[in-house]
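A.B. asks: Supplied structure: my_file_8.tsv, TSV, C-alpha atoms and all ligand atoms.
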chain	number	residue	atom	x	y	z
G	106	MET	CA	-59.38	-23.55	27.19
G	107	THR	CA	-55.67	-22.66	27.19
G	108	THR	CA	-53.74	-22.16	23.91
G	109	ALA	CA	-50.34	-23.85	23.70
G	110	ILE	CA	-47.38	-21.57	22.90
G	111	GLU	CA	-45.98	-22.55	19.48
G	112	PRO	CA	-42.27	-23.58	19.74
G	113	GLN	CA	-41.22	-20.95	17.12
G	114	ASP	CA	-42.95	-18.24	19.17
G	115	ALA	CA	-41.16	-19.47	22.26
G	116	LEU	CA	-37.81	-19.32	20.38
G	117	ALA	CA	-38.57	-15.82	19.00
G	118	ALA	CA	-39.38	-14.64	22.51
G	119	PHE	CA	-36.14	-16.26	23.76
G	120	ASP	CA	-34.13	-14.51	20.98
G	121	GLN	CA	-35.58	-11.17	22.06
G	122	GLU	CA	-34.80	-11.92	25.68
G	123	LEU	CA	-31.18	-12.71	24.74
G	124	GLN	CA	-30.98	-9.51	22.69
G	125	ARG	CA	-32.18	-7.42	25.64
G	126	SER	CA	-29.23	-8.83	27.59
G	127	SER	CA	-26.73	-8.12	24.74
G	128	LEU	CA	-26.53	-11.80	23.81
G	129	GLN	CA	-27.25	-13.85	20.66
G	130	GLY	CA	-27.63	-17.53	19.74
G	131	HIS	CA	-25.46	-19.04	16.96
G	132	TRP	CA	-28.69	-19.78	15.00
G	133	LYS	CA	-29.15	-16.01	14.46
G	134	MET	CA	-25.66	-15.50	13.02
G	135	GLU	CA	-26.43	-16.46	9.38
G	136	LEU	CA	-23.01	-17.98	8.72
G	137	PRO	CA	-22.87	-19.20	5.10
G	138	SER	CA	-22.04	-22.85	4.47
G	139	PHE	CA	-19.59	-21.81	1.73
G	140	LEU	CA	-17.54	-18.64	1.78
G	141	GLU	CA	-14.65	-17.19	-0.19
G	142	PRO	CA	-13.48	-13.58	-0.29
G	143	LYS	CA	-15.62	-11.29	-2.42
G	144	SER	CA	-13.71	-8.04	-2.54
G	145	ARG	CA	-15.44	-4.85	-1.54
G	146	LEU	CA	-12.74	-2.92	-3.40
G	147	HIS	CA	-13.31	-1.34	-6.78
G	148	PRO	CA	-10.52	-1.82	-9.31
G	149	MET	CA	-9.12	1.70	-9.66
G	150	HIS	CA	-6.88	3.65	-12.01
G	151	TRP	CA	-5.70	7.22	-11.46
G	152	ARG	CA	-3.80	8.94	-14.26
G	153	TRP	CA	-0.67	10.86	-13.32
G	154	SER	CA	-1.72	13.83	-15.47
G	155	GLN	CA	-4.73	14.23	-13.18
G	156	LEU	CA	-2.94	13.38	-9.90
G	157	HIS	CA	-0.16	15.80	-10.74
G	158	GLU	CA	-2.55	18.62	-11.58
G	159	PHE	CA	-4.45	18.16	-8.28
G	160	LEU	CA	-1.21	18.02	-6.29
G	161	ARG	CA	0.04	21.20	-7.95
G	162	ARG	CA	-3.25	22.94	-7.08
G	163	SER	CA	-3.04	21.74	-3.46
G	164	GLY	CA	0.35	23.50	-3.35
G	165	ASP	CA	-1.32	26.77	-4.39
G	166	LEU	CA	-4.21	26.42	-1.95
G	167	ILE	CA	-2.80	25.11	1.32
G	168	SER	CA	0.53	25.44	3.15
G	169	VAL	CA	2.22	22.48	4.79
G	170	ASN	CA	1.59	24.11	8.18
G	171	GLU	CA	-2.15	24.31	7.58
G	172	ALA	CA	-2.31	20.84	6.04
G	173	GLY	CA	-0.11	19.03	8.59
G	174	ARG	CA	1.07	17.02	5.62
G	175	ARG	CA	0.17	18.11	2.09
G	176	THR	CA	-1.00	14.81	0.65
G	177	VAL	CA	-3.64	13.76	-1.82
G	178	GLN	CA	-4.94	10.34	-0.84
G	179	LEU	CA	-6.20	7.57	-3.09
G	180	MET	CA	-9.76	6.71	-2.07
G	181	ASN	CA	-11.54	3.49	-2.96
G	182	PRO	CA	-15.30	3.96	-3.50
G	183	GLY	CA	-15.82	0.34	-2.45
G	184	ILE	CA	-14.93	1.31	1.10
G	185	THR	CA	-17.76	3.22	2.67
G	186	GLY	CA	-17.59	4.94	6.06
G	187	PRO	CA	-16.75	5.89	8.66
G	188	ARG	CA	-13.58	6.73	6.70
G	189	GLN	CA	-12.50	5.89	3.18
G	190	TRP	CA	-9.14	4.30	2.32
G	191	THR	CA	-7.25	2.92	-0.68
G	192	THR	CA	-7.77	-0.70	0.39
G	193	HIS	CA	-9.27	-2.14	3.60
G	194	ASN	CA	-5.76	-2.48	5.15
G	195	LEU	CA	-3.55	0.10	3.44
G	196	GLN	CA	-3.53	3.68	2.35
G	197	MET	CA	-1.52	5.34	-0.39
G	198	SER	CA	-1.15	9.05	-0.97
G	199	PHE	CA	1.01	11.52	-2.89
G	200	GLN	CA	2.86	14.13	-0.87
G	201	LEU	CA	4.13	17.49	-2.11
G	202	VAL	CA	6.75	19.50	-0.20
G	203	LEU	CA	7.67	22.88	-1.71
G	204	PRO	CA	11.13	24.46	-1.51
G	205	GLY	CA	11.81	25.80	1.99
G	206	GLU	CA	8.97	23.88	3.63
G	207	VAL	CA	9.26	21.66	6.71
G	208	ALA	CA	6.79	18.91	7.50
G	209	THR	CA	7.22	18.86	11.28
G	210	ALA	CA	8.35	15.96	13.45
G	211	HIS	CA	5.92	13.47	14.94
G	212	ARG	CA	5.61	9.74	15.44
G	213	HIS	CA	2.82	7.21	15.27
G	214	THR	CA	2.38	3.48	15.58
G	215	MET	CA	1.42	3.33	11.90
G	216	ASN	CA	4.18	1.91	9.68
G	217	ALA	CA	5.03	4.02	6.63
G	218	ILE	CA	7.01	3.89	3.42
G	219	ARG	CA	8.08	6.74	1.14
G	220	PHE	CA	8.79	6.09	-2.53
G	221	VAL	CA	10.23	9.13	-4.28
G	222	ILE	CA	8.68	10.16	-7.60
G	223	SER	CA	10.19	13.51	-8.59
G	224	GLY	CA	12.44	16.25	-7.25
G	225	GLY	CA	15.46	15.55	-5.07
G	226	GLY	CA	18.18	17.03	-2.92
G	227	THR	CA	15.87	16.94	0.09
G	228	TYR	CA	15.86	14.90	3.29
G	229	THR	CA	13.51	12.89	5.44
G	230	THR	CA	14.77	12.24	8.97
G	231	VAL	CA	13.78	9.00	10.69
G	232	ASP	CA	14.90	8.54	14.33
G	233	GLY	CA	17.90	10.83	13.80
G	234	GLU	CA	18.95	9.35	10.43
G	235	SER	CA	18.61	11.90	7.60
G	236	PHE	CA	18.04	10.14	4.28
G	237	LEU	CA	18.59	11.90	0.95
G	238	MET	CA	15.45	11.54	-1.19
G	239	GLU	CA	16.02	10.89	-4.88
G	240	PRO	CA	13.59	9.49	-7.49
G	241	GLY	CA	13.17	5.72	-7.14
G	242	ASP	CA	14.38	5.59	-3.50
G	243	LEU	CA	12.33	3.67	-0.92
G	244	ILE	CA	12.67	4.89	2.67
G	245	LEU	CA	11.00	3.30	5.69
G	246	THR	CA	9.42	4.98	8.68
G	247	PRO	CA	8.70	1.96	10.92
G	248	GLY	CA	5.96	2.43	13.50
G	249	TRP	CA	6.82	4.73	16.44
G	250	THR	CA	9.92	6.29	14.79
G	251	TRP	CA	10.15	10.11	14.88
G	252	HIS	CA	10.00	11.61	11.40
G	253	ASP	CA	10.08	15.00	9.71
G	254	HIS	CA	10.66	16.10	6.13
G	255	ILE	CA	12.48	19.15	4.83
G	256	ASN	CA	12.83	20.49	1.32
G	257	GLU	CA	16.14	22.36	1.15
G	258	SER	CA	16.24	22.18	-2.66
G	259	GLU	CA	15.08	24.67	-5.26
G	260	GLU	CA	12.31	22.48	-6.70
G	261	PRO	CA	9.15	20.80	-5.42
G	262	ILE	CA	9.50	17.18	-4.31
G	263	VAL	CA	6.77	14.56	-4.71
G	264	TRP	CA	6.72	11.13	-3.16
G	265	ILE	CA	4.33	8.31	-2.39
G	266	ASP	CA	3.31	7.62	1.20
G	267	GLY	CA	2.09	4.13	2.00
G	268	LEU	CA	0.75	3.31	5.48
G	269	ASP	CA	-1.20	0.69	7.39
G	270	VAL	CA	-3.57	3.29	8.88
G	271	PRO	CA	-6.81	1.43	7.98
G	272	LEU	CA	-5.60	-1.76	9.66
G	273	GLN	CA	-4.42	0.01	12.82
G	274	PHE	CA	-7.62	2.05	13.04
G	275	ALA	CA	-9.70	-1.12	12.60
G	276	MET	CA	-7.75	-2.66	15.50
G	277	ASN	CA	-8.39	0.46	17.56
G	278	ALA	CA	-4.73	0.38	18.64
G	279	ALA	CA	-3.12	3.45	17.05
G	280	PHE	CA	-1.13	6.16	18.88
G	281	ILE	CA	0.14	9.52	17.52
G	282	GLU	CA	2.49	12.04	19.21
G	283	GLU	CA	4.03	15.40	18.26
G	284	PHE	CA	7.77	15.98	18.80
G	285	SER	CA	8.76	18.82	21.17
G	286	ALA	CA	10.26	20.87	18.30
G	287	PRO	CA	9.50	21.31	14.57
G	288	GLN	CA	12.50	19.14	13.67
G	289	GLN	CA	14.36	16.39	15.52
G	290	PRO	CA	18.17	16.47	15.94
G	291	VAL	CA	20.08	14.85	13.07
G	292	LYS	CA	22.63	12.22	14.15
G	293	ARG	CA	23.74	10.99	10.74
G	294	ILE	CA	23.28	11.88	7.07
G	295	VAL	CA	22.78	9.02	4.62
G	296	ARG	CA	23.08	9.76	0.90
G	297	THR	CA	24.18	6.55	-0.79
G	298	ALA	CA	24.15	2.83	-0.05
G	299	ALA	CA	27.83	3.20	0.91
G	300	ASP	CA	26.78	5.37	3.89
G	301	GLY	CA	24.91	2.32	5.25
G	302	THR	CA	21.23	1.60	4.61
G	303	GLU	CA	20.38	0.33	8.11
G	304	GLY	CA	18.44	2.26	10.69
G	305	PRO	CA	19.45	2.17	14.39
G	306	ASP	CA	17.60	-1.18	14.78
G	307	GLY	CA	19.85	-2.89	12.20
G	308	SER	CA	17.17	-3.55	9.58
G	309	THR	CA	17.24	-1.91	6.14
G	310	TRP	CA	15.54	1.49	6.07
G	311	TYR	CA	16.80	2.75	2.70
G	312	TRP	CA	16.82	1.23	-0.78
G	313	LYS	CA	18.33	3.33	-3.55
G	314	GLY	CA	16.34	3.34	-6.81
G	315	PRO	CA	19.23	2.49	-9.15
G	316	ASP	CA	20.24	-0.53	-6.97
G	317	ALA	CA	16.72	-2.01	-7.13
G	318	GLU	CA	16.61	-1.46	-10.90
G	319	GLU	CA	20.06	-3.01	-11.32
G	320	ARG	CA	19.01	-6.16	-9.44
G	321	LEU	CA	15.84	-6.48	-11.54
G	322	LYS	CA	17.74	-6.15	-14.81
G	323	LYS	CA	20.15	-8.86	-13.62
G	324	LEU	CA	17.20	-11.12	-12.67
G	325	ALA	CA	15.59	-10.48	-16.09
G	326	LYS	CA	18.70	-11.83	-17.84
G	327	THR	CA	18.44	-15.28	-16.26
G	328	ALA	CA	14.63	-15.60	-15.80
G	329	ARG	CA	12.62	-17.96	-18.02
G	330	PRO	CA	10.20	-16.04	-20.29
G	331	ASP	CA	7.18	-17.25	-18.25
G	332	GLU	CA	8.83	-16.45	-14.91
G	333	PRO	CA	7.85	-13.11	-13.32
G	334	VAL	CA	10.79	-10.75	-12.68
G	335	VAL	CA	10.07	-9.32	-9.24
G	336	PHE	CA	12.23	-7.72	-6.58
G	337	GLU	CA	10.77	-7.80	-3.07
G	338	TYR	CA	11.96	-5.15	-0.63
G	339	ARG	CA	12.96	-7.47	2.24
G	340	HIS	CA	15.42	-7.23	5.11
G	341	PRO	CA	18.62	-9.34	5.01
G	342	ASP	CA	16.95	-11.96	7.26
G	343	GLY	CA	13.98	-12.26	4.86
G	344	ARG	CA	11.46	-10.23	6.84
G	345	PRO	CA	9.03	-8.20	4.69
G	346	THR	CA	9.43	-4.44	4.18
G	347	LEU	CA	7.28	-3.75	7.26
G	348	PRO	CA	5.31	-6.13	9.50
G	349	THR	CA	2.03	-5.18	7.80
G	350	LEU	CA	3.09	-4.52	4.23
G	351	LEU	CA	5.35	-5.75	1.47
G	352	CYS	CA	6.73	-3.56	-1.30
G	353	THR	CA	7.73	-5.07	-4.62
G	354	MET	CA	9.04	-3.89	-7.97
G	355	GLN	CA	8.13	-5.93	-11.02
G	356	LEU	CA	9.94	-5.61	-14.32
G	357	LEU	CA	7.79	-6.37	-17.36
G	358	ARG	CA	9.85	-7.26	-20.41
G	359	PRO	CA	8.77	-5.70	-23.74
G	360	GLY	CA	5.73	-7.66	-24.95
G	361	GLU	CA	5.47	-9.64	-21.68
G	362	VAL	CA	2.01	-10.85	-20.68
G	363	THR	CA	1.91	-12.17	-17.10
G	364	THR	CA	0.19	-15.38	-16.03
G	365	PRO	CA	-3.26	-14.56	-14.61
G	366	ARG	CA	-3.07	-14.73	-10.84
G	367	ARG	CA	-5.19	-13.99	-7.79
G	368	HIS	CA	-4.26	-13.75	-4.11
G	369	THR	CA	-5.88	-12.78	-0.85
G	370	ALA	CA	-3.63	-9.69	-0.67
G	371	ALA	CA	-4.87	-6.46	-2.26
G	372	GLY	CA	-2.30	-4.50	-4.30
G	373	ILE	CA	-1.75	-0.79	-4.81
G	374	TYR	CA	0.44	-0.02	-7.83
G	375	HIS	CA	2.53	2.88	-9.04
G	376	VAL	CA	3.93	2.78	-12.56
G	377	VAL	CA	7.58	3.79	-12.32
G	378	SER	CA	8.14	3.66	-16.07
G	379	GLY	CA	6.71	2.23	-19.26
G	380	THR	CA	3.27	1.75	-20.76
G	381	GLY	CA	0.96	-1.23	-20.59
G	382	VAL	CA	-2.36	-2.76	-19.77
G	383	THR	CA	-3.70	-4.39	-16.64
G	384	THR	CA	-6.81	-6.54	-16.86
G	385	ILE	CA	-8.71	-7.12	-13.62
G	386	GLY	CA	-11.51	-9.66	-13.09
G	387	LEU	CA	-10.40	-11.65	-16.15
G	388	GLY	CA	-13.22	-13.54	-17.84
G	389	GLY	CA	-15.78	-12.30	-15.32
G	390	ASN	CA	-18.71	-10.08	-16.18
G	391	ALA	CA	-17.02	-7.11	-14.52
G	392	GLU	CA	-13.73	-7.44	-16.43
G	393	THR	CA	-11.91	-4.11	-16.34
G	394	THR	CA	-8.95	-3.01	-18.45
G	395	PHE	CA	-6.66	-0.15	-17.50
G	396	GLU	CA	-4.21	1.33	-20.01
G	397	TRP	CA	-1.46	2.81	-17.91
G	398	GLN	CA	1.47	5.12	-18.37
G	399	SER	CA	4.40	6.25	-16.31
G	400	ARG	CA	3.44	7.43	-12.77
G	401	ASP	CA	-0.20	6.29	-12.90
G	402	ALA	CA	-1.65	4.51	-9.83
G	403	MET	CA	-3.93	1.45	-9.66
G	404	VAL	CA	-5.69	-0.81	-7.18
G	405	VAL	CA	-6.00	-4.56	-7.81
G	406	PRO	CA	-8.66	-5.92	-5.40
G	407	ASN	CA	-7.98	-8.99	-3.24
G	408	TRP	CA	-8.89	-12.46	-4.58
G	409	THR	CA	-9.44	-11.08	-8.08
G	410	TRP	CA	-7.83	-12.48	-11.25
G	411	HIS	CA	-5.45	-10.02	-12.86
G	412	GLN	CA	-2.84	-9.84	-15.59
G	413	HIS	CA	-0.30	-7.22	-16.64
G	414	GLN	CA	0.91	-6.63	-20.19
G	415	ASN	CA	3.81	-4.53	-21.32
G	416	ARG	CA	2.65	-2.92	-24.56
G	417	GLY	CA	5.78	-0.84	-25.08
G	418	SER	CA	9.18	-1.56	-26.64
G	419	GLU	CA	11.03	-0.69	-23.39
G	420	VAL	CA	10.89	-2.52	-20.04
G	421	ALA	CA	8.10	-1.35	-17.73
G	422	LEU	CA	8.56	-1.08	-13.95
G	423	LEU	CA	5.62	-1.53	-11.58
G	424	PHE	CA	6.10	-0.62	-7.93
G	425	SER	CA	3.51	-2.13	-5.60
G	426	MET	CA	2.53	-2.26	-1.98
G	427	ASN	CA	0.32	-5.02	-0.56
G	428	ASP	CA	-0.91	-6.48	2.73
G	429	GLN	CA	0.58	-9.97	2.23
G	430	PRO	CA	2.55	-9.98	5.55
G	431	THR	CA	-0.60	-9.28	7.58
G	432	LEU	CA	-2.45	-12.09	5.83
G	433	GLU	CA	0.53	-14.45	6.27
G	434	SER	CA	0.74	-13.69	9.98
G	435	MET	CA	-2.87	-14.85	10.27
G	436	GLY	CA	-2.54	-17.90	7.99
G	437	LEU	CA	-4.77	-16.19	5.42
G	438	TYR	CA	-2.42	-15.72	2.49
G	439	ARG	CA	-3.33	-17.81	-0.57
G	440	GLN	CA	-2.41	-17.36	-4.16
G	441	GLU	CA	-3.51	-19.13	-7.31
G	442	THR	CA	-2.86	-19.28	-11.00
G	443	ARG	CA	-5.47	-20.85	-13.28
G	444	GLU	CA	-3.35	-24.04	-13.29
G	445	THR	CA	-3.01	-24.37	-9.51
G	446	ALA	CA	-6.71	-23.52	-9.12
G	447	ALA	CA	-7.70	-26.30	-11.59
G	448	ALA	CA	-5.38	-28.83	-9.89
G	449	ALA	CA	-6.97	-28.08	-6.50
G	450	ARG	CA	-10.50	-28.90	-7.73
G	501	LIG	C1	2.05	10.80	7.92
G	501	LIG	O1	2.60	10.92	9.13
G	501	LIG	C2	2.76	11.22	6.78
G	501	LIG	O2	4.70	11.76	8.00
G	501	LIG	C3	2.20	11.07	5.53
G	501	LIG	O3	4.62	12.36	5.96
G	501	LIG	C4	0.94	10.55	5.37
G	501	LIG	C5	-1.05	9.58	6.33
G	501	LIG	C6	-1.76	9.19	7.44
G	501	LIG	C7	-1.23	9.30	8.70
G	501	LIG	C8	0.02	9.83	8.89
G	501	LIG	C9	4.12	11.82	6.93
G	501	LIG	C10	0.22	10.13	6.49
G	501	LIG	C11	0.76	10.25	7.78
As structure tokens - that is how I would like this structure written.

C.D. replies:
Amino acid sequence: MTTAIEPQDALAAFDQELQRSSLQGHWKMELPSFLEPKSRLHPMHWRWSQLHEFLRRSGDLISVNEAGRRTVQLMNPGITGPRQWTTHNLQMSFQLVLPGEVATAHRHTMNAIRFVISGGGTYTTVDGESFLMEPGDLILTPGWTWHDHINESEEPIVWIDGLDVPLQFAMNAAFIEEFSAPQQPVKRIVRTAADGTEGPDGSTWYWKGPDAEERLKKLAKTARPDEPVVFEYRHPDGRPTLPTLLCTMQLLRPGEVTTPRRHTAAGIYHVVSGTGVTTIGLGGNAETTFEWQSRDAMVVPNWTWHQHQNRGSEVALLFSMNDQPTLESMGLYRQETRETAAAAR
């Protein structure tokens, strides 16, 4: 008597046969019938008092030559191996350059921003353009531009670095190169907006802090109370700050409570000034509240309801960097308020 092979055994044997040939059937893929983003990111809050203390200690313990760049990076525990980042697409860090130090010239395909926090009278050179770094300034280092930093002043300088390293590493497409000398030749020195804020490619590479603040205060005068007051760092033709990231500055009026919102972009925040509260995961069982002060940093995970409140009597300024342009380029950018979410159902 012969025993018939059960169909499921035949399929299991077939699946194994496929696997041995580095193949798989769709039926083994376990694609859910409903899916929406569930962020891997943890909502995070780093206090400046702590960040500043660690940065200061890094200055005592390691020279810029040993470190390459002396930065302390924001790590998100929700991202596990092979490397950790701030969000799945972007990385933010704080960089310290001491008087007399040079962070030597190199270039990479990764796009970078610098937002100056403290110190001044020092320069970062990007493809031959030497930009004066003063608190509140935003300076771009677009992918593949040569860049080096020098501190010719008498005091330490601290700035934020924001880069799309995680995204470029995930795409396995990144290149890095050292320049042939510690510093590149300087073609032009740019100190104020009047010197011209464009890089050699014609797009804006330099936004002065006071100009951004001025524009926000003007916007605040005419905005409705329920309208967010936000300045987006965009080029004159409307393109975002960099192809993979958008920087914004939001002004929160005294007592302002923003409309709860969620979007597929993940945000990394730096408090420029003021005090307030950010609530993340509103109404959910993992609701988290961060009470922030000037110079603190935060992460708001993607597709997570959040709301900011200005608890002080002065305006508060929130600088942020997010991956909206990357999502837009792929047709993946969505944003909702509670009202638009209800209307869609
Ligand atoms: C980089 O080149 C700088 O040039 C700062 O100052 C931070 C983080 C990752 C990769 C390259 C800089 C960086 C970086």

A.B. asks: List as JSON lines every residue of chain G that is in contact with ligand LIG 501 (chain G), defined as an atom at most 10 Å from one of its atoms (using all atoms listed in the file), together with the nearest atom pair and the distance in Å rounded to one decimal, sorted by chain and then rising number.

C.D. replies:
{"residue": "G:Gly173", "atom": "CA", "partner": "G:LIG501", "partner_atom": "C2", "distance": 8.5}
{"residue": "G:Arg174", "atom": "CA", "partner": "G:LIG501", "partner_atom": "O3", "distance": 5.9}
{"residue": "G:Arg175", "atom": "CA", "partner": "G:LIG501", "partner_atom": "C3", "distance": 8.1}
{"residue": "G:Thr176", "atom": "CA", "partner": "G:LIG501", "partner_atom": "C4", "distance": 6.6}
{"residue": "G:Val177", "atom": "CA", "partner": "G:LIG501", "partner_atom": "C4", "distance": 9.1}
{"residue": "G:Gln178", "atom": "CA", "partner": "G:LIG501", "partner_atom": "C5", "distance": 8.2}
{"residue": "G:Gln196", "atom": "CA", "partner": "G:LIG501", "partner_atom": "C5", "distance": 7.5}
{"residue": "G:Met197", "atom": "CA", "partner": "G:LIG501", "partner_atom": "C5", "distance": 8.0}
{"residue": "G:Ser198", "atom": "CA", "partner": "G:LIG501", "partner_atom": "C4", "distance": 6.8}
{"residue": "G:Phe199", "atom": "CA", "partner": "G:LIG501", "partner_atom": "C4", "distance": 8.3}
{"residue": "G:Gln200", "atom": "CA", "partner": "G:LIG501", "partner_atom": "C3", "distance": 7.1}
{"residue": "G:Leu201", "atom": "CA", "partner": "G:LIG501", "partner_atom": "O3", "distance": 9.6}
{"residue": "G:Val202", "atom": "CA", "partner": "G:LIG501", "partner_atom": "O3", "distance": 9.7}
{"residue": "G:Ala208", "atom": "CA", "partner": "G:LIG501", "partner_atom": "O3", "distance": 7.1}
{"residue": "G:Thr209", "atom": "CA", "partner": "G:LIG501", "partner_atom": "O2", "distance": 8.2}
{"residue": "G:Ala210", "atom": "CA", "partner": "G:LIG501", "partner_atom": "O2", "distance": 7.8}
{"residue": "G:His211", "atom": "CA", "partner": "G:LIG501", "partner_atom": "O1", "distance": 7.2}
{"residue": "G:Arg212", "atom": "CA", "partner": "G:LIG501", "partner_atom": "O1", "distance": 7.1}
{"residue": "G:His213", "atom": "CA", "partner": "G:LIG501", "partner_atom": "O1", "distance": 7.2}
{"residue": "G:Thr214", "atom": "CA", "partner": "G:LIG501", "partner_atom": "C8", "distance": 9.5}
{"residue": "G:Met215", "atom": "CA", "partner": "G:LIG501", "partner_atom": "C7", "distance": 7.3}
{"residue": "G:Asn216", "atom": "CA", "partner": "G:LIG501", "partner_atom": "C8", "distance": 9.0}
{"residue": "G:Ala217", "atom": "CA", "partner": "G:LIG501", "partner_atom": "C1", "distance": 7.5}
{"residue": "G:Ile218", "atom": "CA", "partner": "G:LIG501", "partner_atom": "C3", "distance": 8.9}
{"residue": "G:Arg219", "atom": "CA", "partner": "G:LIG501", "partner_atom": "O3", "distance": 8.2}
{"residue": "G:Thr229", "atom": "CA", "partner": "G:LIG501", "partner_atom": "O3", "distance": 8.9}
{"residue": "G:Val231", "atom": "CA", "partner": "G:LIG501", "partner_atom": "O2", "distance": 9.9}
{"residue": "G:Thr246", "atom": "CA", "partner": "G:LIG501", "partner_atom": "O2", "distance": 8.3}
{"residue": "G:Trp251", "atom": "CA", "partner": "G:LIG501", "partner_atom": "O2", "distance": 8.9}
{"residue": "G:His252", "atom": "CA", "partner": "G:LIG501", "partner_atom": "O2", "distance": 6.3}
{"residue": "G:Asp253", "atom": "CA", "partner": "G:LIG501", "partner_atom": "O2", "distance": 6.5}
{"residue": "G:His254", "atom": "CA", "partner": "G:LIG501", "partner_atom": "O3", "distance": 7.1}
{"residue": "G:Trp264", "atom": "CA", "partner": "G:LIG501", "partner_atom": "O3", "distance": 9.4}
{"residue": "G:Ile265", "atom": "CA", "partner": "G:LIG501", "partner_atom": "C3", "distance": 8.7}
{"residue": "G:Asp266", "atom": "CA", "partner": "G:LIG501", "partner_atom": "C4", "distance": 5.6}
{"residue": "G:Gly267", "atom": "CA", "partner": "G:LIG501", "partner_atom": "C4", "distance": 7.3}
{"residue": "G:Leu268", "atom": "CA", "partner": "G:LIG501", "partner_atom": "C5", "distance": 6.6}
{"residue": "G:Asp269", "atom": "CA", "partner": "G:LIG501", "partner_atom": "C6", "distance": 8.5}
{"residue": "G:Val270", "atom": "CA", "partner": "G:LIG501", "partner_atom": "C6", "distance": 6.3}
{"residue": "G:Pro271", "atom": "CA", "partner": "G:LIG501", "partner_atom": "C6", "distance": 9.3}
{"residue": "G:Ile281", "atom": "CA", "partner": "G:LIG501", "partner_atom": "C8", "distance": 8.6}

A.B. asks: From the list G:Phe274, G:Phe284, G:Tyr228, G:Phe236, which residue is nearest G:Trp249 when using only C-alpha atoms?

C.D. replies: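 That would be G:Phe284, the residue with the smallest distance to G:Trp249.
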
A.B. asks: So which residues touch stretch 436-448 of chain G within 6 Å, counting all atoms listed in the file, skipping near sequence neighbours fewer than 4 positions away, as an MDAnalysis selection string?

C.D. replies: chainID G and resid 365:369 432

A.B. asks: Okay, now the selection with C-alpha atoms, as a short mmCIF file (atom, residue, chain, number, x, y, z; two decimals), in the coordinates of the input?

C.D. replies:
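Result file follows (out-v2.cif):
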data_model
loop_
_atom_site.label_atom_id
_atom_site.label_comp_id
_atom_site.auth_asym_id
_atom_site.auth_seq_id
_atom_site.Cartn_x
_atom_site.Cartn_y
_atom_site.Cartn_z
CA PRO G 365 -3.26 -14.56 -14.61
CA ARG G 366 -3.07 -14.73 -10.84
CA ARG G 367 -5.19 -13.99 -7.79
CA HIS G 368 -4.26 -13.75 -4.11
CA THR G 369 -5.88 -12.78 -0.85
CA LEU G 432 -2.45 -12.09 5.83
#

A.B. asks: With a distance cut-off of 7 Å and all atoms listed in the file, select the neighbouring residues of stretch 326-334 of chain G, excluding the residue or stretch itself and same-chain residues fewer than 5 positions from it, and output the selection as a ChimeraX atom specification.

C.D. replies: /G:321,355-356

A.B. asks: Between G:Leu146, G:Leu237, G:Ala117, G:Ile385, which residue has the minimum interatomic distance to G:Ile184, considering only C-alpha atoms?

C.D. replies: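 The shortest atom-to-atom distance to G:Ile184 comes from G:Leu146.
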
A.B. asks: Out of G:Ser144, G:Gly314, G:Thr185, G:Pro137, which residue has the shortest atom-to-atom distance to G:Asn407 when counting all atoms listed in the file?

C.D. replies: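 Smallest distance to G:Asn407 is found for G:Ser144.
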
A.B. asks: Any idea what the distance is between atom CA of G:Trp397 and atom CA of G:Val362?

C.D. replies: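 We find that atom CA of G:Trp397 and atom CA of G:Val362 lie 14.4 Å from each other.
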
A.B. asks: Could you please determine the separation between atom CA of G:Arg400 and atom CA of G:His375 in Å, to one decimal place?

C.D. replies: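 Interatomic distance, atom CA of G:Arg400 to atom CA of G:His375: 6.0 Å.
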
A.B. asks: Ranking G:Lys323, G:Pro315, G:Ser308, G:His131 by minimum distance to G:Arg344 and counting all atoms listed in the file, which one comes first?

C.D. replies: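 Among G:Lys323, G:Pro315, G:Ser308, G:His131, it is G:Ser308 that comes nearest to G:Arg344.
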
A.B. asks: Which is closest to G:Ala371 among G:Asn256, G:Gln429, G:Asn415, G:Gln189, if we use all atoms listed in the file?

C.D. replies: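 Once distances to G:Ala371 are computed over all atoms listed in the file, the minimum belongs to G:Gln429.
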
A.B. asks: Just how far from atom CA of G:Met403 is atom CA of G:Ala370, in Å to one decimal?

C.D. replies: 14.3 Å

A.B. asks: Using only C-alpha atoms, pick whichever of G:Gln412, G:Ser258, G:Ser154, G:Ser285 has the shortest atom-to-atom distance to G:Gly388.

C.D. replies: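 Selected residue with least distance to G:Gly388: G:Gln412.
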
A.B. asks: What's around G:Met354 at 7 Å? Count all atoms listed in the file, leave out sequence neighbours fewer than 2 positions away in its own chain, and write the answer as a list in words.

C.D. replies: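 Selected residues are Val335, Phe336, Glu337, Leu356, Leu422, Leu423, Phe424 and Ser425 of chain G.
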
A.B. asks: List the spatial neighbours of G:Trp312 as a short mmCIF file (atom, residue, chain, number, x, y, z; two decimals) with C-alpha atoms, keeping the file's coordinate frame - criterion: any atom at most 8 Å away, all atoms listed in the file, same-chain residues fewer than 4 positions off excluded.

C.D. replies:
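Wrote selection.cif, looks like this:
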data_model
loop_
_atom_site.label_atom_id
_atom_site.label_comp_id
_atom_site.auth_asym_id
_atom_site.auth_seq_id
_atom_site.Cartn_x
_atom_site.Cartn_y
_atom_site.Cartn_z
CA ASP G 242 14.38 5.59 -3.50
CA LEU G 243 12.33 3.67 -0.92
CA ILE G 244 12.67 4.89 2.67
CA ALA G 298 24.15 2.83 -0.05
CA THR G 302 21.23 1.60 4.61
CA ASP G 316 20.24 -0.53 -6.97
CA ALA G 317 16.72 -2.01 -7.13
#

A.B. asks: May I have the protein, DNA and RNA residues with an atom at most 6 Å from (-1.0, 9.6, -11.5), counting only C-alpha atoms in the file's coordinates, returned as a list in words?

C.D. replies: Trp151, Arg152, Trp153, Ser154, Leu156, Arg400, Asp401 and Ala402 of chain G
